[in-house]
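Next comes coords37.cif, a file with mmCIF, C-alpha atoms.
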```
data_entry
#
loop_
_atom_site.label_atom_id
_atom_site.label_comp_id
_atom_site.auth_asym_id
_atom_site.auth_seq_id
_atom_site.Cartn_x
_atom_site.Cartn_y
_atom_site.Cartn_z
CA MET A 268 240.50 80.50 199.14
CA SER A 269 243.39 80.10 201.54
CA ASN A 270 244.40 82.27 204.46
CA GLU A 271 246.77 84.27 202.26
CA GLU A 272 246.90 88.01 202.79
CA VAL A 273 244.68 89.93 200.38
CA ILE A 274 246.16 93.28 199.38
CA LEU A 275 243.57 95.90 198.44
CA THR A 276 243.41 99.61 197.76
CA LYS A 277 241.04 101.69 199.90
CA GLU A 278 238.70 101.89 196.92
CA GLY A 279 238.81 98.12 196.44
CA LEU A 280 238.08 97.49 200.11
CA ALA A 281 235.09 99.82 200.01
CA LYS A 282 233.70 98.06 196.91
CA LEU A 283 234.03 94.61 198.45
CA GLU A 284 232.47 95.76 201.73
CA GLU A 285 229.56 97.30 199.80
CA GLU A 286 229.10 94.14 197.72
CA LEU A 287 229.03 92.03 200.90
CA ARG A 288 226.52 94.37 202.56
CA GLU A 289 224.31 94.29 199.45
CA LEU A 290 224.41 90.49 199.24
CA LYS A 291 223.65 89.97 202.94
CA THR A 292 220.78 92.42 203.09
CA VAL A 293 219.07 93.27 199.81
CA LYS A 294 219.92 90.20 197.72
CA ARG A 295 219.18 87.67 200.48
CA LYS A 296 215.76 89.26 200.99
CA GLU A 297 215.04 89.25 197.25
CA LEU A 298 215.99 85.58 197.00
CA ALA A 299 213.88 84.68 200.02
CA ASN A 300 210.90 86.32 198.31
CA ARG A 301 211.63 84.48 195.05
CA LEU A 302 211.80 81.17 196.92
CA LYS A 303 208.57 81.90 198.78
CA THR A 304 206.78 82.68 195.52
CA ALA A 305 208.23 79.61 193.78
CA ILE A 306 207.22 77.33 196.65
CA SER A 307 203.68 78.65 196.41
CA TYR A 308 203.47 77.19 192.89
CA GLY A 309 203.48 73.70 194.43
CA ASP A 310 205.27 70.53 193.25
CA LEU A 311 208.96 71.38 193.78
CA LYS A 312 210.27 68.49 191.66
CA GLU A 313 209.34 70.16 188.38
CA ASN A 314 209.29 73.76 189.56
CA SER A 315 211.89 75.58 187.44
CA GLU A 316 211.45 78.86 189.33
CA TYR A 317 212.23 77.10 192.61
CA HIS A 318 215.32 75.34 191.22
CA SER A 319 216.59 78.56 189.64
CA ALA A 320 216.17 80.47 192.90
CA LYS A 321 217.92 77.70 194.87
CA GLU A 322 220.84 77.74 192.41
CA ASP A 323 221.10 81.54 192.65
CA GLN A 324 221.01 81.24 196.44
CA ALA A 325 223.89 78.75 196.42
CA PHE A 326 226.00 81.03 194.21
CA MET A 327 225.22 84.04 196.40
CA GLU A 328 226.06 82.24 199.66
CA THR A 329 229.35 81.04 198.15
CA ARG A 330 230.21 84.61 197.12
CA ILE A 331 229.38 85.84 200.64
CA LYS A 332 231.75 83.26 202.15
CA VAL A 333 234.52 84.20 199.70
CA LEU A 334 234.12 87.91 200.49
CA GLU A 335 234.07 87.31 204.24
CA LYS A 336 237.24 85.22 204.00
CA MET A 337 238.96 87.89 201.90
CA LEU A 338 238.00 90.68 204.28
CA VAL A 339 239.38 88.77 207.29
CA ASN A 340 242.79 88.56 205.60
CA VAL A 341 242.86 92.01 204.01
CA ARG A 342 245.72 94.49 204.12
CA VAL A 343 244.93 97.93 202.76
CA VAL A 344 247.69 99.66 200.85
CA ASP A 345 248.66 102.81 202.72
CA ALA A 346 249.85 105.35 200.17
CA ASP A 347 251.65 107.34 202.90
CA SER A 348 254.03 104.46 203.63
CA LEU A 349 254.87 103.64 200.01
CA ASP A 350 258.00 104.54 198.09
CA MET A 351 256.48 106.82 195.47
CA ASN A 352 259.42 106.21 193.13
CA VAL A 353 258.65 102.55 192.44
CA VAL A 354 255.56 100.66 191.31
CA SER A 355 253.49 98.98 193.99
CA VAL A 356 249.84 98.04 194.46
CA GLY A 357 247.72 101.15 194.01
CA ALA A 358 250.08 102.82 191.54
CA THR A 359 248.85 104.12 188.22
CA VAL A 360 251.58 103.75 185.64
CA THR A 361 251.99 105.20 182.18
CA LEU A 362 253.80 102.84 179.83
CA TYR A 363 255.19 103.25 176.35
CA ASP A 364 254.53 100.19 174.19
CA LYS A 365 257.65 100.03 172.01
CA GLU A 366 256.12 97.77 169.33
CA PHE A 367 253.02 99.88 168.70
CA ALA A 368 254.61 103.24 169.64
CA GLU A 369 251.75 104.18 171.96
CA LYS A 370 251.23 105.19 175.56
CA ILE A 371 248.87 103.31 177.86
CA ALA A 372 248.02 103.75 181.54
CA TYR A 373 247.23 100.96 184.00
CA THR A 374 246.49 100.88 187.70
CA VAL A 375 248.10 97.96 189.55
CA VAL A 376 245.54 96.41 191.91
CA SER A 377 244.75 93.15 193.67
CA PRO A 378 243.25 90.25 191.71
CA ALA A 379 239.90 91.02 193.39
CA GLU A 380 239.92 94.54 191.93
CA ALA A 381 241.31 93.77 188.47
CA ASP A 382 239.17 94.97 185.58
CA VAL A 383 240.77 95.14 182.13
CA ASN A 384 237.90 97.28 180.85
CA ASP A 385 238.89 99.91 183.42
CA ASN A 386 242.67 99.42 182.84
CA LYS A 387 243.11 97.88 186.30
CA ILE A 388 245.58 95.00 186.18
CA SER A 389 246.34 92.49 188.89
CA TYR A 390 249.73 92.47 190.56
CA GLU A 391 249.61 88.71 189.86
CA SER A 392 249.24 89.19 186.09
CA PRO A 393 252.37 88.82 183.93
CA LEU A 394 252.59 92.59 183.39
CA GLY A 395 251.72 93.37 187.01
CA LYS A 396 254.47 91.06 188.29
CA GLU A 397 257.03 92.68 186.00
CA LEU A 398 256.03 96.21 187.02
CA LEU A 399 256.25 95.76 190.81
CA GLY A 400 259.35 97.48 192.17
CA LYS A 401 260.24 99.18 188.87
CA ALA A 402 261.07 102.89 188.57
CA VAL A 403 260.51 105.51 185.86
CA GLY A 404 262.80 104.80 182.91
CA ASP A 405 262.90 101.03 183.49
CA VAL A 406 262.01 98.72 180.62
CA VAL A 407 259.86 95.68 181.35
CA SER A 408 259.47 92.67 179.07
CA VAL A 409 256.36 90.52 179.24
CA ASN A 410 255.96 87.12 177.63
CA ALA A 411 252.66 87.06 175.77
CA PRO A 412 251.14 84.48 173.42
CA MET A 413 252.19 86.62 170.44
CA GLY A 414 255.75 87.01 171.75
CA VAL A 415 257.67 89.30 174.07
CA ILE A 416 256.20 92.77 174.58
CA GLU A 417 258.45 95.57 175.84
CA TYR A 418 257.24 98.61 177.73
CA GLU A 419 259.12 101.61 179.02
CA LEU A 420 257.86 102.96 182.33
CA LEU A 421 257.20 106.66 181.80
CA GLU A 422 255.32 107.72 184.94
CA ILE A 423 254.18 106.48 188.34
CA ARG A 424 251.27 108.16 190.14
CA PHE A 425 249.43 107.37 193.35
CA ALA A 426 245.87 108.64 193.81
#
```
Would you write out, as structure tokens, the structure that this file holds?
Amino acid sequence: MSNEEVILTKEGLAKLEEELRELKTVKRKELANRLKTAISYGDLKENSEYHSAKEDQAFMETRIKVLEKMLVNVRVVDADSLDMNVVSVGATVTLYDKEFAEKIAYTVVSPAEADVNDNKISYESPLGKELLGKAVGDVVSVNAPMGVIEYELLEIRFA
């Protein structure tokens, strides 16, 4: 990860800080205990528990480094300084899908917070990019594998 600014909502920042705290305290201790137990089984060459714990440890330490790097370069979106009439990070938008004649709501967040199951889309996604700076009544077109999808922006809300 580069030194690029990471834009987060307050909620996103809190989640990442909690994940980092959990990894550095609880998860590190759990892994240390797993390693200690695995080492007690002897012969490390063919000790699957030991190799599994070492692999998990490597993944965890990498995630800790990624989170620390992100948190050094973070900028939290301040809802008080935003133009509430246009879409920006942290906005929840209601869109009208013209093809399927249905409404759908998304919250525009950072890539670190994106979760399609929770209708949180990244500002770097095709739809997120198109929505940034748009106002109620604007129509956005998004190129998708199945063709161009058009949405009308019906509402912008900030939590």
Exercise. When distances are computed from only C-alpha atoms, which of A:Asn352, A:Asn386, A:Asn300, A:Thr359 shows the smallest separation from Thr276 (chain A)?
Worked result: A:Thr359
For this session: Compile the contact shell of Lys321 (chain A) as a list in words: residues with an atom at most 10 Å away, counting all atoms listed in the file, same-chain residues fewer than 4 positions apart removed.
Result: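 Everything that qualifies: Leu298, Ala299, Arg301, Leu302, Ala305, Ser315, Glu316, Tyr317, Ala325, Phe326 and Met327 of chain A.
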Problem set entry | Residue members of the PyMOL selection byres ((chain A and resi 395) around 10) in the file shown, as number ranges by chain | A: 354-356, 373-377, 387-394, 396-399, 409
Problem set entry | Shell around region 278-282 of chain A at 10 Å using all atoms listed in the file, local window under 4 positions removed, as a VMD selection string | chain A and resid 274 286 to 288 337 to 338 341 to 344 357 376 to 377 379 to 381
Exercise. Just how far from CA of Leu275 (chain A) is CA of Glu417 (chain A), in Å to one decimal?
Worked result: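 Spanning CA of Glu417 (chain A) to CA of Leu275 (chain A) is a straight-line distance of 27.1 Å.
Nearest to Glu289 (chain A) of all the residues A:Ile371, A:Val273, A:Val403, A:Ile331 is A:Ile331, counting only C-alpha atoms.
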For this session: Just give me the gap between CA of Val353 (chain A) and CA of Ile423 (chain A) in Å, one decimal is fine.
Result: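 Going from CA of Val353 (chain A) over to CA of Ile423 (chain A) covers 7.2 Å.
Shortest atom-to-atom contact with Glu366 (chain A) among A:Glu419, A:Glu285, A:Asp310, A:Asp350: A:Glu419, counting all atoms listed in the file.
Closest approach to Asp405 (chain A) among A:Val383, A:Leu290, A:Ile306, A:Val360 is made by A:Val360 (distances from all atoms listed in the file).
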Problem set entry | Among the residues A:Ala358, A:Ala320, A:Leu334, A:Ala368, the one that comes closest to Lys291 (chain A) [using all atoms listed in the file] | A:Leu334
Exercise. Nearest to Asn340 (chain A) among A:Leu420, A:Ala426, A:Glu271, A:Ser319, with distances taken over all atoms listed in the file: which residue is it?
Worked result: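 Checking each candidate against Asn340 (chain A), we get A:Glu271 as the closest.
Here CA of Arg424 (chain A) is placed at a distance of 7.6 Å from CA of Met351 (chain A).
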Would you fill out region 273-284 of chain A with all heavy atoms and return it as a PDB file, keeping the file's coordinate frame?
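File result.pdb, as written:
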```pdb
ATOM      1  N   VAL A 273     245.295  89.309 201.549  1.00  0.00           N
ATOM      2  CA  VAL A 273     244.680  89.930 200.380  1.00  0.00           C
ATOM      3  C   VAL A 273     245.020  91.410 200.434  1.00  0.00           C
ATOM      4  O   VAL A 273     244.663  92.100 201.384  1.00  0.00           O
ATOM      5  CB  VAL A 273     243.142  89.734 200.385  1.00  0.00           C
ATOM      6  CG1 VAL A 273     242.508  90.430 199.196  1.00  0.00           C
ATOM      7  CG2 VAL A 273     242.796  88.259 200.401  1.00  0.00           C
ATOM      8  N   ILE A 274     245.737  91.883 199.421  1.00  0.00           N
ATOM      9  CA  ILE A 274     246.160  93.280 199.380  1.00  0.00           C
ATOM     10  C   ILE A 274     245.144  94.053 198.539  1.00  0.00           C
ATOM     11  O   ILE A 274     244.883  93.698 197.391  1.00  0.00           O
ATOM     12  CB  ILE A 274     247.567  93.416 198.784  1.00  0.00           C
ATOM     13  CG1 ILE A 274     248.566  92.598 199.598  1.00  0.00           C
ATOM     14  CG2 ILE A 274     247.987  94.876 198.725  1.00  0.00           C
ATOM     15  CD1 ILE A 274     249.931  92.465 198.966  1.00  0.00           C
ATOM     16  N   LEU A 275     244.574  95.094 199.124  1.00  0.00           N
ATOM     17  CA  LEU A 275     243.570  95.900 198.440  1.00  0.00           C
ATOM     18  C   LEU A 275     243.891  97.387 198.566  1.00  0.00           C
ATOM     19  O   LEU A 275     244.539  97.807 199.524  1.00  0.00           O
ATOM     20  CB  LEU A 275     242.181  95.682 199.050  1.00  0.00           C
ATOM     21  CG  LEU A 275     241.552  94.309 198.924  1.00  0.00           C
ATOM     22  CD1 LEU A 275     240.269  94.245 199.738  1.00  0.00           C
ATOM     23  CD2 LEU A 275     241.270  93.981 197.471  1.00  0.00           C
ATOM     24  N   THR A 276     243.389  98.153 197.620  1.00  0.00           N
ATOM     25  CA  THR A 276     243.410  99.610 197.760  1.00  0.00           C
ATOM     26  C   THR A 276     242.215  99.993 198.632  1.00  0.00           C
ATOM     27  O   THR A 276     241.310  99.174 198.856  1.00  0.00           O
ATOM     28  CB  THR A 276     243.277 100.282 196.379  1.00  0.00           C
ATOM     29  OG1 THR A 276     242.037  99.899 195.804  1.00  0.00           O
ATOM     30  CG2 THR A 276     244.433  99.901 195.459  1.00  0.00           C
ATOM     31  N   LYS A 277     242.188 101.232 199.107  1.00  0.00           N
ATOM     32  CA  LYS A 277     241.040 101.690 199.900  1.00  0.00           C
ATOM     33  C   LYS A 277     239.756 101.594 199.087  1.00  0.00           C
ATOM     34  O   LYS A 277     238.712 101.195 199.592  1.00  0.00           O
ATOM     35  CB  LYS A 277     241.256 103.130 200.373  1.00  0.00           C
ATOM     36  CG  LYS A 277     242.285 103.268 201.464  1.00  0.00           C
ATOM     37  CD  LYS A 277     242.474 104.715 201.877  1.00  0.00           C
ATOM     38  CE  LYS A 277     243.592 104.839 202.890  1.00  0.00           C
ATOM     39  NZ  LYS A 277     243.872 106.232 203.241  1.00  0.00           N
ATOM     40  N   GLU A 278     239.855 101.955 197.817  1.00  0.00           N
ATOM     41  CA  GLU A 278     238.700 101.890 196.920  1.00  0.00           C
ATOM     42  C   GLU A 278     238.223 100.448 196.762  1.00  0.00           C
ATOM     43  O   GLU A 278     237.021 100.169 196.799  1.00  0.00           O
ATOM     44  CB  GLU A 278     239.082 102.468 195.555  1.00  0.00           C
ATOM     45  CG  GLU A 278     238.003 102.352 194.499  1.00  0.00           C
ATOM     46  CD  GLU A 278     238.503 102.804 193.134  1.00  0.00           C
ATOM     47  OE1 GLU A 278     238.459 104.015 192.866  1.00  0.00           O
ATOM     48  OE2 GLU A 278     238.929 101.933 192.348  1.00  0.00           O
ATOM     49  N   GLY A 279     239.157  99.528 196.587  1.00  0.00           N
ATOM     50  CA  GLY A 279     238.810  98.120 196.440  1.00  0.00           C
ATOM     51  C   GLY A 279     238.152  97.559 197.684  1.00  0.00           C
ATOM     52  O   GLY A 279     237.187  96.794 197.594  1.00  0.00           O
ATOM     53  N   LEU A 280     238.666  97.932 198.845  1.00  0.00           N
ATOM     54  CA  LEU A 280     238.080  97.490 200.110  1.00  0.00           C
ATOM     55  C   LEU A 280     236.651  97.992 200.232  1.00  0.00           C
ATOM     56  O   LEU A 280     235.735  97.238 200.579  1.00  0.00           O
ATOM     57  CB  LEU A 280     238.919  97.965 201.299  1.00  0.00           C
ATOM     58  CG  LEU A 280     238.354  97.643 202.681  1.00  0.00           C
ATOM     59  CD1 LEU A 280     238.249  96.139 202.891  1.00  0.00           C
ATOM     60  CD2 LEU A 280     239.215  98.282 203.759  1.00  0.00           C
ATOM     61  N   ALA A 281     236.445  99.251 199.914  1.00  0.00           N
ATOM     62  CA  ALA A 281     235.090  99.820 200.010  1.00  0.00           C
ATOM     63  C   ALA A 281     234.117  99.105 199.077  1.00  0.00           C
ATOM     64  O   ALA A 281     232.975  98.823 199.456  1.00  0.00           O
ATOM     65  CB  ALA A 281     235.134 101.318 199.691  1.00  0.00           C
ATOM     66  N   LYS A 282     234.568  98.761 197.865  1.00  0.00           N
ATOM     67  CA  LYS A 282     233.700  98.060 196.910  1.00  0.00           C
ATOM     68  C   LYS A 282     233.330  96.678 197.418  1.00  0.00           C
ATOM     69  O   LYS A 282     232.177  96.261 197.312  1.00  0.00           O
ATOM     70  CB  LYS A 282     234.386  97.950 195.545  1.00  0.00           C
ATOM     71  CG  LYS A 282     234.341  99.208 194.727  1.00  0.00           C
ATOM     72  CD  LYS A 282     234.957  98.974 193.366  1.00  0.00           C
ATOM     73  CE  LYS A 282     234.901 100.232 192.523  1.00  0.00           C
ATOM     74  NZ  LYS A 282     235.508 100.032 191.198  1.00  0.00           N
ATOM     75  N   LEU A 283     234.314  95.951 197.956  1.00  0.00           N
ATOM     76  CA  LEU A 283     234.030  94.610 198.450  1.00  0.00           C
ATOM     77  C   LEU A 283     233.116  94.651 199.671  1.00  0.00           C
ATOM     78  O   LEU A 283     232.205  93.824 199.804  1.00  0.00           O
ATOM     79  CB  LEU A 283     235.325  93.866 198.790  1.00  0.00           C
ATOM     80  CG  LEU A 283     236.197  93.485 197.600  1.00  0.00           C
ATOM     81  CD1 LEU A 283     237.425  92.711 198.063  1.00  0.00           C
ATOM     82  CD2 LEU A 283     235.429  92.689 196.570  1.00  0.00           C
ATOM     83  N   GLU A 284     233.338  95.622 200.561  1.00  0.00           N
ATOM     84  CA  GLU A 284     232.470  95.760 201.730  1.00  0.00           C
ATOM     85  C   GLU A 284     231.040  96.086 201.308  1.00  0.00           C
ATOM     86  O   GLU A 284     230.076  95.565 201.867  1.00  0.00           O
ATOM     87  CB  GLU A 284     233.009  96.822 202.691  1.00  0.00           C
ATOM     88  CG  GLU A 284     234.249  96.389 203.431  1.00  0.00           C
ATOM     89  CD  GLU A 284     234.874  97.490 204.266  1.00  0.00           C
ATOM     90  OE1 GLU A 284     234.686  98.690 203.960  1.00  0.00           O
ATOM     91  OE2 GLU A 284     235.570  97.149 205.233  1.00  0.00           O
TER      92      GLU A 284
END
```
